[in-house]
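Just below is one structure, and these are the notes that go with it.
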Amino acid sequence: MQNIGIVLVISLVVMAVLLVLTGAYFSSLITEKRAADNERSLLAALGLAEAGSNHAVAELRKRIRTDLKNNLETTPKTQAAQALSNLFTTLNPLGLLQSYGGFTVANGQATLNIAALALNTGIQGSYSAAIILTPQALAQNPAKPSPDHYKFYYNYSLSATANTVMPNVSKTINLQKGSCVVDVHLDNFAKYALFTSQHMTPSGGTVWFTANTNFSGPVATNTRFSFANNPSGHFTEDITQLQSTARFYNNGSPVFLDAAYNGNSDVPVFDKEFERSHALINLPSSVSQADLKTQALGGTAEPGASGIYIPNNGASVTGGIYVRGNQGQSSDDAGISMSTDVNNNAVYAVTQGTATKTITVDYTNNQTKVQSASVTTTYQGIPDGVGNEGVILYVNDNIKSLSGTVQKDSAVTVSSERDIMITNNIIYERDPRVAGNENYANLLGILSWGGNVRIATTAPNNVTINGVVMAPTGIFTVDNYNSGSSRGTATLLGGAITQFYGAFGTFSGTTALTGYGRNFVYDSRMLQGIAPPYFPYIGAFTTSDDGGLDNKLSWQDAGV
């Protein structure tokens with residue numbers, strides 16, 4: 001019996017030890033599970049907070065680049081102009097965000113609170129985020145660099161807080177401060193890399209976009225576009241057309257589809273949106289032409305005799321440069337040659353019939369010198385019209401020759417009521433694509449109100465044209481494009497806005513036969529609201545930004 005008792009005691013001790021060890025084991029399992037659950041919830045909360053911050057960044061870009069832009073573009077021009085003028089006068093950059101972007105403004109900052117999306121991830125939790133914008137501390141914010149052009153400067157920050165349940169964990173992260181500039185300006189035809197009122201040849205022929213088609217700026221038409229082959233053109237910015245269906249080559253049996261591609265047969269590449277059924281974009285009316293003429297004449301009556309005029313009050317220039325010719329004869333058509341002198345002043349040699357005047361614009365001394373024969377007259381100011389936007393040359397007849405160099409400080413528009421003939425290279429003194437040239441103003445608009453812009457037969461092979469070309473009732477084309485031999489490539493740094501699509505040359509397969517091949521290079525300054533002086537507006541304000549919203553911001557853990 002004694003041995004049995006000892007065995008029982010030992011058994012009880014062993015069982016007790018086993019129970020203690022088992023309890024400790026299960027306790028450690030529970031502790032480890034709780035720790036794992038806490039770690040998992042912490043990571044889930046951090047992931048949710050990051051999702052909230054990404055949502056906030058996306059919403060900030062949408063509010064400024066889409067909502068604010070669309071709201072301004074749909075506001076009547078006069079109403080928006082008055083509102084923007086008030087924001088400028090009162091130095092109230094936050095008012096733009098409040099009126100057109102849907103932000104709440106209080107205590108010197110604009111705020112937008114973000115609620116979580118329905119993520120359906122299975123994670124038991126949610127997030128919230130906040131976007132805060134404050135004005136940059138500039139002497140003048142907003143700024144007004146030119147009429148109907150405003151710049152609004154902001155700093156922005158974002159924070160996101162996430163909460164999980166079972167267990168409850170909270171996590172907040174902050175994105176370090178970024179900055180952006182919102183540019184508000186009248187929407188201008190100069191923004192287009194290509195715009196055609198009717199995307200066809202003047203005879204009604206179809207213009208196909210193929211693999212040789214590349215546009216790095218906005219493209220639009222008031223009819224429809226036609227695409228051939230795979231690939232069939234690359235477009236980096238928005239492309240819009242009025243009609244609901246596009247034309248696709250379809251291996252020689254064209255079809256019309258309300259689609260961005262035709263199966264695997266015709267596949268253009270759109271980096272952004274291809275919008276069909278877009279609203280009609282009206283080309284400028286004669287009222288715009290009359291405005292330009294008024295700017296050149298400085299508000300004075302049109303001269304009764306042919307000649308070259310620089311309107312003035314005896315001491316100062318009051319308008320631009322106006323050339324009057326006899327529209328019934330070609331012998332007195334105007335010629336314009338642009339250049340720079342030894343002092344780097346802008347020089348415009350203008351001929352009309354037997355008359356010649358050399359107009360020298362001295363930006364340093366704010367003077368204009370007019371030389372006619374042996375007589376030179378000096379005026380204060382420059383021939384930049386009543387609105388002082390930039391040099392304006394207006395010809396009421398044909399321009400039989402246009403060529404030369406646009407001086408680095410000069411924004412110029414050459415306008416004609418009839419045809420404009422480009423007879424030689426036209427280049428900017430400072431190429432805006434080259435690093436370090438960003439602050440130079442050289443810019444050219446070539447505008448034929450009632451005719452065509454033509455590259456003449458006297459132009460050199462591989463001609464270069466720097467400028468934005470517009471022919472609202474005509475085409476941009478090459479004289480005798482279908483005769484002779486290949487003339488190389490016509491390179492345009494700018495855009496083309498025309499009624500129809502003009503011919504440049506002929507080809508057989510990939511072999512150039514006659515005329516020029518096209519090398520149209522977009523001038524990206526146009527997307528920032530820059531345009532040649534007095535260039536026709538589309539009719540409403542629009543916006544762009546400096547890209548600061550795309551900068552990748554570092555985030556900081558704000559703790560639990």
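Identifiers in this document derive from the order of the structure tokens: chains are assigned A, B, ..., residues are numbered from 1 separately in each chain, and ligands are numbered from 1 in order of occurrence.
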
Find the residues around range 274-280 of chain A up to 6 Å (only C-alpha atoms counted), leave out those fewer than 4 positions away in its own chain, and share them as a PyMOL selection string.
-> chain A and resi 239-244

Put those residues in a file: all heavy atoms, as a compact mmCIF listing (two decimals), in the first residue's frame.
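Result written to again.txt:
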```txt
# COMPACT_ATOMS: atom_id res chain seq x y z
N ILE A 239 -7.01 63.78 -77.60
CA ILE A 239 -7.43 63.90 -78.99
C ILE A 239 -8.95 63.86 -79.00
O ILE A 239 -9.56 62.99 -78.36
CB ILE A 239 -6.80 62.79 -79.87
CG1 ILE A 239 -7.40 62.81 -81.28
CG2 ILE A 239 -6.90 61.44 -79.26
CD1 ILE A 239 -6.68 61.90 -82.26
N THR A 240 -9.57 64.83 -79.67
CA THR A 240 -11.03 64.93 -79.66
C THR A 240 -11.56 65.09 -81.07
O THR A 240 -10.90 65.65 -81.95
CB THR A 240 -11.50 66.13 -78.81
OG1 THR A 240 -11.05 67.35 -79.42
CG2 THR A 240 -10.95 66.05 -77.40
N GLN A 241 -12.79 64.60 -81.28
CA GLN A 241 -13.47 64.79 -82.55
C GLN A 241 -14.95 65.03 -82.29
O GLN A 241 -15.51 64.59 -81.28
CB GLN A 241 -13.28 63.58 -83.47
CG GLN A 241 -13.92 62.29 -82.97
CD GLN A 241 -13.86 61.18 -84.00
OE1 GLN A 241 -12.83 60.94 -84.61
NE2 GLN A 241 -14.98 60.48 -84.19
N LEU A 242 -15.59 65.74 -83.22
CA LEU A 242 -17.00 66.07 -83.05
C LEU A 242 -17.89 64.86 -83.25
O LEU A 242 -18.82 64.62 -82.48
CB LEU A 242 -17.38 67.17 -84.05
CG LEU A 242 -18.86 67.57 -84.09
CD1 LEU A 242 -19.26 68.27 -82.80
CD2 LEU A 242 -19.15 68.46 -85.30
N GLN A 243 -17.62 64.06 -84.27
CA GLN A 243 -18.52 62.96 -84.60
C GLN A 243 -18.32 61.78 -83.65
O GLN A 243 -17.25 61.61 -83.05
CB GLN A 243 -18.31 62.55 -86.05
CG GLN A 243 -18.74 63.66 -87.02
CD GLN A 243 -18.45 63.35 -88.47
OE1 GLN A 243 -17.41 62.79 -88.79
NE2 GLN A 243 -19.35 63.71 -89.37
N SER A 244 -19.35 60.96 -83.56
CA SER A 244 -19.35 59.88 -82.56
C SER A 244 -18.54 58.67 -83.02
O SER A 244 -18.13 57.85 -82.19
CB SER A 244 -20.78 59.44 -82.26
OG SER A 244 -21.42 58.95 -83.45
```

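Within the 9 Å cut-off around Arg430 in chain A, using only C-alpha atoms and omitting residues fewer than 3 positions from it on the same chain, the listed residues are Val406, Gln407, Lys408, Ile427, Arg433, Val434, Asn437, Glu438, Tyr440, Ala441 and Asn442 of chain A.
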
Could you find all residues in range 238-337 of chain A that DSSP calls helix (DSSP H, G or I) from the backbone, and write them as a list of chain:residue names?
-> A:Asn250, A:Asn251, A:Gly252, A:Ser286, A:Val287, A:Ser288, A:Gln289, A:Ala290, A:Asp291, A:Leu292, A:Lys293, A:Thr294, A:Gln295, A:Ala296, A:Leu297

Write the residues of the preceding selection, restricted to all heavy atoms, as a short mmCIF file (atom, residue, chain, number, x, y, z; two decimals), in the first residue's frame.
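Dumped everything to again-v4.cif:
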```cif
data_model
loop_
_atom_site.label_atom_id
_atom_site.label_comp_id
_atom_site.auth_asym_id
_atom_site.auth_seq_id
_atom_site.Cartn_x
_atom_site.Cartn_y
_atom_site.Cartn_z
N ASN A 250 -9.43 49.01 -91.78
CA ASN A 250 -10.01 47.67 -91.81
C ASN A 250 -9.55 46.87 -93.03
O ASN A 250 -10.35 46.28 -93.76
CB ASN A 250 -11.55 47.77 -91.79
CG ASN A 250 -12.21 46.45 -91.42
OD1 ASN A 250 -11.73 45.76 -90.52
ND2 ASN A 250 -13.28 46.12 -92.09
N ASN A 251 -8.22 46.89 -93.25
CA ASN A 251 -7.61 46.12 -94.34
C ASN A 251 -8.20 46.47 -95.71
O ASN A 251 -8.35 45.61 -96.59
CB ASN A 251 -7.78 44.61 -94.08
CG ASN A 251 -7.07 44.17 -92.82
OD1 ASN A 251 -5.93 44.57 -92.58
ND2 ASN A 251 -7.76 43.39 -92.00
N GLY A 252 -8.52 47.73 -95.89
CA GLY A 252 -9.01 48.19 -97.19
C GLY A 252 -10.51 48.28 -97.31
O GLY A 252 -11.03 48.75 -98.34
N SER A 286 -14.86 86.83 -87.93
CA SER A 286 -14.27 88.07 -88.43
C SER A 286 -14.12 89.10 -87.31
O SER A 286 -13.35 90.05 -87.45
CB SER A 286 -15.13 88.64 -89.56
OG SER A 286 -16.44 88.89 -89.10
N VAL A 287 -14.86 88.93 -86.22
CA VAL A 287 -14.71 89.85 -85.09
C VAL A 287 -13.29 89.77 -84.54
O VAL A 287 -12.65 90.78 -84.23
CB VAL A 287 -15.75 89.54 -83.99
CG1 VAL A 287 -15.51 90.40 -82.77
CG2 VAL A 287 -17.16 89.75 -84.52
N SER A 288 -12.74 88.54 -84.44
CA SER A 288 -11.38 88.37 -83.97
C SER A 288 -10.40 89.05 -84.93
O SER A 288 -9.42 89.65 -84.51
CB SER A 288 -11.05 86.89 -83.84
OG SER A 288 -11.90 86.27 -82.91
N GLN A 289 -10.68 88.93 -86.24
CA GLN A 289 -9.83 89.58 -87.22
C GLN A 289 -9.89 91.09 -87.06
O GLN A 289 -8.86 91.78 -87.13
CB GLN A 289 -10.27 89.19 -88.63
CG GLN A 289 -9.44 89.85 -89.73
CD GLN A 289 -9.92 89.47 -91.12
OE1 GLN A 289 -10.69 88.53 -91.28
NE2 GLN A 289 -9.48 90.22 -92.12
N ALA A 290 -11.08 91.62 -86.84
CA ALA A 290 -11.23 93.06 -86.66
C ALA A 290 -10.48 93.53 -85.42
O ALA A 290 -9.87 94.61 -85.42
CB ALA A 290 -12.71 93.42 -86.55
N ASP A 291 -10.49 92.72 -84.37
CA ASP A 291 -9.76 93.07 -83.15
C ASP A 291 -8.27 93.17 -83.42
O ASP A 291 -7.58 94.09 -82.94
CB ASP A 291 -10.02 92.03 -82.05
CG ASP A 291 -11.45 92.08 -81.53
OD1 ASP A 291 -12.12 93.10 -81.75
OD2 ASP A 291 -11.88 91.10 -80.91
N LEU A 292 -7.76 92.21 -84.19
CA LEU A 292 -6.33 92.20 -84.49
C LEU A 292 -5.95 93.42 -85.34
O LEU A 292 -4.90 94.05 -85.12
CB LEU A 292 -5.98 90.91 -85.23
CG LEU A 292 -4.53 90.45 -85.15
CD1 LEU A 292 -4.18 90.07 -83.72
CD2 LEU A 292 -4.31 89.25 -86.06
N LYS A 293 -6.81 93.76 -86.27
CA LYS A 293 -6.56 94.92 -87.11
C LYS A 293 -6.56 96.20 -86.27
O LYS A 293 -5.72 97.09 -86.47
CB LYS A 293 -7.65 94.99 -88.19
CG LYS A 293 -7.40 96.01 -89.29
CD LYS A 293 -8.44 95.84 -90.39
CE LYS A 293 -8.18 96.76 -91.57
NZ LYS A 293 -9.17 96.53 -92.66
N THR A 294 -7.48 96.27 -85.32
CA THR A 294 -7.54 97.43 -84.43
C THR A 294 -6.27 97.56 -83.61
O THR A 294 -5.76 98.67 -83.40
CB THR A 294 -8.76 97.32 -83.49
OG1 THR A 294 -9.95 97.31 -84.29
CG2 THR A 294 -8.81 98.47 -82.50
N GLN A 295 -5.74 96.43 -83.14
CA GLN A 295 -4.50 96.46 -82.37
C GLN A 295 -3.35 97.00 -83.22
O GLN A 295 -2.54 97.81 -82.75
CB GLN A 295 -4.16 95.05 -81.87
CG GLN A 295 -5.10 94.49 -80.82
CD GLN A 295 -4.97 95.19 -79.48
OE1 GLN A 295 -3.96 95.81 -79.18
NE2 GLN A 295 -6.01 95.08 -78.67
N ALA A 296 -3.27 96.58 -84.46
CA ALA A 296 -2.19 97.03 -85.33
C ALA A 296 -2.32 98.52 -85.66
O ALA A 296 -1.33 99.25 -85.72
CB ALA A 296 -2.17 96.22 -86.61
N LEU A 297 -3.56 98.99 -85.85
CA LEU A 297 -3.80 100.39 -86.19
C LEU A 297 -3.78 101.30 -84.96
O LEU A 297 -3.84 102.52 -85.10
CB LEU A 297 -5.14 100.54 -86.92
CG LEU A 297 -5.17 100.02 -88.37
CD1 LEU A 297 -6.60 99.94 -88.86
CD2 LEU A 297 -4.32 100.91 -89.26
#
```

Could you name the residues that touch range 107-116 of chain A at 12 Å or less, counting only C-alpha atoms, but leaving out those on the same chain fewer than 6 positions away, as a PDB file with C-alpha atoms, in the first residue's frame?
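Written file, out_17.pdb:
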```
ATOM      1  CA  LEU A  48      -4.738  51.421 -45.116  1.00  0.00           C
ATOM      2  CA  ALA A  49      -3.045  54.691 -44.220  1.00  0.00           C
ATOM      3  CA  GLU A  50      -0.889  54.440 -47.337  1.00  0.00           C
ATOM      4  CA  ALA A  51      -4.024  53.721 -49.369  1.00  0.00           C
ATOM      5  CA  GLY A  52      -5.578  56.832 -47.850  1.00  0.00           C
ATOM      6  CA  SER A  53      -2.583  58.966 -48.753  1.00  0.00           C
ATOM      7  CA  ASN A  54      -2.586  57.627 -52.333  1.00  0.00           C
ATOM      8  CA  HIS A  55      -6.314  58.324 -52.538  1.00  0.00           C
ATOM      9  CA  ALA A  56      -5.680  61.877 -51.332  1.00  0.00           C
ATOM     10  CA  VAL A  57      -2.941  62.469 -53.921  1.00  0.00           C
ATOM     11  CA  ALA A  58      -5.204  61.176 -56.699  1.00  0.00           C
ATOM     12  CA  GLU A  59      -8.085  63.319 -55.473  1.00  0.00           C
ATOM     13  CA  LEU A  60      -5.871  66.426 -55.310  1.00  0.00           C
ATOM     14  CA  ARG A  63      -9.736  68.396 -58.190  1.00  0.00           C
ATOM     15  CA  ILE A  64      -7.176  70.708 -59.785  1.00  0.00           C
ATOM     16  CA  ASN A  92      -6.764  85.700 -52.736  1.00  0.00           C
ATOM     17  CA  PRO A  93      -5.306  82.514 -54.274  1.00  0.00           C
ATOM     18  CA  LEU A  94      -7.434  80.275 -52.050  1.00  0.00           C
ATOM     19  CA  GLY A  95     -10.576  81.733 -53.603  1.00  0.00           C
ATOM     20  CA  LEU A  96      -9.806  79.894 -56.853  1.00  0.00           C
ATOM     21  CA  LEU A  97      -9.849  76.550 -55.021  1.00  0.00           C
ATOM     22  CA  GLN A  98     -13.034  77.446 -53.187  1.00  0.00           C
ATOM     23  CA  SER A  99     -14.967  78.763 -56.200  1.00  0.00           C
ATOM     24  CA  GLY A 101     -12.305  73.264 -57.018  1.00  0.00           C
ATOM     25  CA  GLY A 125     -10.967  48.787 -40.877  1.00  0.00           C
ATOM     26  CA  SER A 126     -11.101  52.062 -42.712  1.00  0.00           C
ATOM     27  CA  TYR A 127      -9.187  55.279 -43.342  1.00  0.00           C
ATOM     28  CA  SER A 128      -9.697  59.006 -43.696  1.00  0.00           C
ATOM     29  CA  ALA A 129      -7.449  61.592 -45.284  1.00  0.00           C
ATOM     30  CA  ALA A 130      -7.100  65.347 -45.463  1.00  0.00           C
ATOM     31  CA  ILE A 131      -5.607  67.624 -48.127  1.00  0.00           C
ATOM     32  CA  ILE A 132      -4.428  71.058 -47.041  1.00  0.00           C
ATOM     33  CA  LEU A 133      -3.274  73.824 -49.387  1.00  0.00           C
ATOM     34  CA  THR A 134      -1.790  77.128 -48.287  1.00  0.00           C
ATOM     35  CA  PRO A 135      -0.570  80.045 -50.404  1.00  0.00           C
ATOM     36  CA  GLN A 136       3.115  80.252 -51.123  1.00  0.00           C
ATOM     37  CA  ALA A 137       4.630  83.331 -49.489  1.00  0.00           C
ATOM     38  CA  TYR A 154       0.364  76.846 -53.504  1.00  0.00           C
ATOM     39  CA  ASN A 155       2.035  74.605 -50.962  1.00  0.00           C
ATOM     40  CA  TYR A 156       0.212  71.404 -50.135  1.00  0.00           C
ATOM     41  CA  SER A 157       0.376  68.640 -47.557  1.00  0.00           C
ATOM     42  CA  LEU A 158      -1.579  65.449 -46.982  1.00  0.00           C
ATOM     43  CA  SER A 159      -2.251  63.206 -44.008  1.00  0.00           C
ATOM     44  CA  ALA A 160      -4.054  59.900 -43.706  1.00  0.00           C
ATOM     45  CA  THR A 161      -5.277  58.020 -40.619  1.00  0.00           C
ATOM     46  CA  ALA A 162      -6.312  54.352 -40.606  1.00  0.00           C
ATOM     47  CA  ASN A 163      -8.133  52.320 -37.967  1.00  0.00           C
TER      48      ASN A 163
END
```

Quick one: DSSP strand (DSSP E) residues in range 190-256 of chain A, as a PyMOL selection string?
-> chain A and resi 194-196+208-209+214-215+219-221+226-227+234-235+239-241+246-248+255-256

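The residue set within 7 Å of Asn345 in chain A, counting only C-alpha atoms and dropping same-chain residues fewer than 3 places from it, reads A:Thr340, A:Asp341, A:Thr360, A:Val361, A:Asp362.
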
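Closest approach to Val521 in chain A among A:Asn214, A:Ser253, A:Thr489, A:Asn313 is made by A:Asn214 (distances from only C-alpha atoms).
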
What's the 7 Å shell around Phe476 in chain A, counting only C-alpha atoms, without same-chain residues fewer than 3 positions away, as an MDAnalysis selection string?
-> chainID A and resid 452:454 471 498 502

Residue subset to file, keeping N, CA, C and O atoms, as a PDB file, in the first residue's frame:
```
ATOM      1  N   ASN A 452      -4.363  80.877 -97.460  1.00  0.00           N
ATOM      2  CA  ASN A 452      -3.573  79.721 -97.054  1.00  0.00           C
ATOM      3  C   ASN A 452      -2.188  80.165 -96.603  1.00  0.00           C
ATOM      4  O   ASN A 452      -1.692  81.212 -97.011  1.00  0.00           O
ATOM      5  N   VAL A 453      -1.568  79.345 -95.785  1.00  0.00           N
ATOM      6  CA  VAL A 453      -0.150  79.506 -95.478  1.00  0.00           C
ATOM      7  C   VAL A 453       0.579  78.494 -96.348  1.00  0.00           C
ATOM      8  O   VAL A 453       0.341  77.291 -96.251  1.00  0.00           O
ATOM      9  N   ARG A 454       1.485  79.003 -97.206  1.00  0.00           N
ATOM     10  CA  ARG A 454       2.097  78.167 -98.234  1.00  0.00           C
ATOM     11  C   ARG A 454       3.620  78.196 -98.120  1.00  0.00           C
ATOM     12  O   ARG A 454       4.220  79.255 -97.961  1.00  0.00           O
ATOM     13  N   ALA A 471      -4.664  78.960 -90.368  1.00  0.00           N
ATOM     14  CA  ALA A 471      -5.407  79.391 -91.550  1.00  0.00           C
ATOM     15  C   ALA A 471      -6.858  78.951 -91.344  1.00  0.00           C
ATOM     16  O   ALA A 471      -7.254  77.873 -91.793  1.00  0.00           O
ATOM     17  N   THR A 498      -6.078  74.678 -89.033  1.00  0.00           N
ATOM     18  CA  THR A 498      -6.540  74.961 -90.388  1.00  0.00           C
ATOM     19  C   THR A 498      -7.975  74.487 -90.600  1.00  0.00           C
ATOM     20  O   THR A 498      -8.513  73.702 -89.811  1.00  0.00           O
ATOM     21  N   GLY A 502      -3.815  70.231 -95.429  1.00  0.00           N
ATOM     22  CA  GLY A 502      -3.120  70.541 -96.665  1.00  0.00           C
ATOM     23  C   GLY A 502      -2.070  69.505 -97.026  1.00  0.00           C
ATOM     24  O   GLY A 502      -1.465  68.868 -96.162  1.00  0.00           O
TER      25      GLY A 502
END
```

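Shell of Arg487 in chain A at 7 Å, with only C-alpha atoms counted and residues fewer than 6 places along the chain excluded, is Asn461, Asn462, Thr514, Gly515 and Tyr516 of chain A.
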
Write the selection just made, keeping N, CA and C atoms, as a compact mmCIF listing (two decimals), in the first residue's frame?
```txt
# COMPACT_ATOMS: atom_id res chain seq x y z
N ASN A 461 15.43 73.05 -99.45
CA ASN A 461 15.19 71.67 -99.03
C ASN A 461 15.33 71.60 -97.51
N ASN A 462 14.59 70.66 -96.90
CA ASN A 462 14.64 70.48 -95.44
C ASN A 462 14.39 71.81 -94.72
N THR A 514 7.87 63.49 -104.17
CA THR A 514 7.88 64.93 -104.41
C THR A 514 7.54 65.67 -103.12
N GLY A 515 7.81 66.98 -103.10
CA GLY A 515 7.46 67.80 -101.95
C GLY A 515 8.26 67.42 -100.72
N TYR A 516 7.67 67.73 -99.57
CA TYR A 516 8.33 67.50 -98.28
C TYR A 516 7.62 66.39 -97.49
```

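Between Ser403 in chain A and the residues A:Arg324, A:Asp384, A:Gly233, A:Thr423, the shortest atom-to-atom distance, using only C-alpha atoms, involves A:Thr423.
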
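Going from CA of Ile446 in chain A over to CA of Ala80 in chain A, you cover 28.7 Å.
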
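Comparing A:Thr351, A:Ser448, A:Thr221, A:Thr90 by their smallest distance to Arg418 in chain A, the closest is A:Ser448 (using only C-alpha atoms).
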
Spatial neighbours of Ser415 in chain A, max dist 9 Å, only C-alpha atoms, sep filter under 2 positions, as a PyMOL selection string | chain A and resi 292-293+392-396+399+413+417-418+420+445-449

Just N, CA and C atoms for this one: save the residues we selected as a PDB file, in the first residue's frame.
```pdb
ATOM      1  N   LEU A 292      -7.758  92.213 -84.191  1.00  0.00           N
ATOM      2  CA  LEU A 292      -6.332  92.202 -84.494  1.00  0.00           C
ATOM      3  C   LEU A 292      -5.953  93.421 -85.336  1.00  0.00           C
ATOM      4  N   LYS A 293      -6.808  93.760 -86.267  1.00  0.00           N
ATOM      5  CA  LYS A 293      -6.565  94.922 -87.111  1.00  0.00           C
ATOM      6  C   LYS A 293      -6.560  96.197 -86.273  1.00  0.00           C
ATOM      7  N   ILE A 392       2.929  93.102 -83.348  1.00  0.00           N
ATOM      8  CA  ILE A 392       1.887  92.676 -84.273  1.00  0.00           C
ATOM      9  C   ILE A 392       2.121  93.317 -85.636  1.00  0.00           C
ATOM     10  N   LEU A 393       2.192  92.499 -86.690  1.00  0.00           N
ATOM     11  CA  LEU A 393       2.266  92.973 -88.071  1.00  0.00           C
ATOM     12  C   LEU A 393       0.996  92.512 -88.769  1.00  0.00           C
ATOM     13  N   TYR A 394       0.265  93.465 -89.316  1.00  0.00           N
ATOM     14  CA  TYR A 394      -1.006  93.145 -89.976  1.00  0.00           C
ATOM     15  C   TYR A 394      -0.942  93.640 -91.416  1.00  0.00           C
ATOM     16  N   VAL A 395      -1.224  92.728 -92.363  1.00  0.00           N
ATOM     17  CA  VAL A 395      -1.197  93.049 -93.782  1.00  0.00           C
ATOM     18  C   VAL A 395      -2.588  92.791 -94.346  1.00  0.00           C
ATOM     19  N   ASN A 396      -3.142  93.783 -95.063  1.00  0.00           N
ATOM     20  CA  ASN A 396      -4.503  93.601 -95.588  1.00  0.00           C
ATOM     21  C   ASN A 396      -4.523  92.866 -96.924  1.00  0.00           C
ATOM     22  N   ILE A 399       1.005  88.219 -98.334  1.00  0.00           N
ATOM     23  CA  ILE A 399       2.417  88.357 -97.955  1.00  0.00           C
ATOM     24  C   ILE A 399       3.187  87.424 -98.890  1.00  0.00           C
ATOM     25  N   THR A 413       3.295  88.234 -83.883  1.00  0.00           N
ATOM     26  CA  THR A 413       2.289  87.618 -84.741  1.00  0.00           C
ATOM     27  C   THR A 413       2.277  88.346 -86.076  1.00  0.00           C
ATOM     28  N   GLU A 417      -4.641  89.118 -94.446  1.00  0.00           N
ATOM     29  CA  GLU A 417      -6.014  88.833 -94.853  1.00  0.00           C
ATOM     30  C   GLU A 417      -6.057  87.823 -95.992  1.00  0.00           C
ATOM     31  N   ARG A 418      -4.922  87.591 -96.641  1.00  0.00           N
ATOM     32  CA  ARG A 418      -4.861  86.656 -97.754  1.00  0.00           C
ATOM     33  C   ARG A 418      -3.730  85.644 -97.521  1.00  0.00           C
ATOM     34  N   ILE A 420      -0.133  83.724 -97.146  1.00  0.00           N
ATOM     35  CA  ILE A 420       1.208  83.991 -96.622  1.00  0.00           C
ATOM     36  C   ILE A 420       2.150  82.960 -97.228  1.00  0.00           C
ATOM     37  N   GLY A 445       3.578  83.696 -84.258  1.00  0.00           N
ATOM     38  CA  GLY A 445       2.318  83.232 -84.818  1.00  0.00           C
ATOM     39  C   GLY A 445       2.236  83.659 -86.274  1.00  0.00           C
ATOM     40  N   ILE A 446       1.831  82.740 -87.156  1.00  0.00           N
ATOM     41  CA  ILE A 446       1.668  83.014 -88.584  1.00  0.00           C
ATOM     42  C   ILE A 446       0.194  82.785 -88.902  1.00  0.00           C
ATOM     43  N   LEU A 447      -0.537  83.845 -89.219  1.00  0.00           N
ATOM     44  CA  LEU A 447      -1.994  83.782 -89.257  1.00  0.00           C
ATOM     45  C   LEU A 447      -2.535  84.356 -90.565  1.00  0.00           C
ATOM     46  N   SER A 448      -3.128  83.501 -91.391  1.00  0.00           N
ATOM     47  CA  SER A 448      -3.770  83.917 -92.637  1.00  0.00           C
ATOM     48  C   SER A 448      -5.282  83.843 -92.444  1.00  0.00           C
ATOM     49  N   TRP A 449      -5.938  85.015 -92.395  1.00  0.00           N
ATOM     50  CA  TRP A 449      -7.376  85.031 -92.100  1.00  0.00           C
ATOM     51  C   TRP A 449      -8.207  84.492 -93.255  1.00  0.00           C
TER      52      TRP A 449
END
```

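Distance annotation: of A:Val267, A:Pro532, A:Pro76, A:Asp431, the residue with the minimal separation from Ala411 in chain A is A:Pro532; atom set is only C-alpha atoms.
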
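Considering the residues A:Phe270, A:Thr477, A:Gly205, A:Phe504 and counting only C-alpha atoms, Thr236 in chain A has its shortest atom-to-atom contact with A:Phe270.
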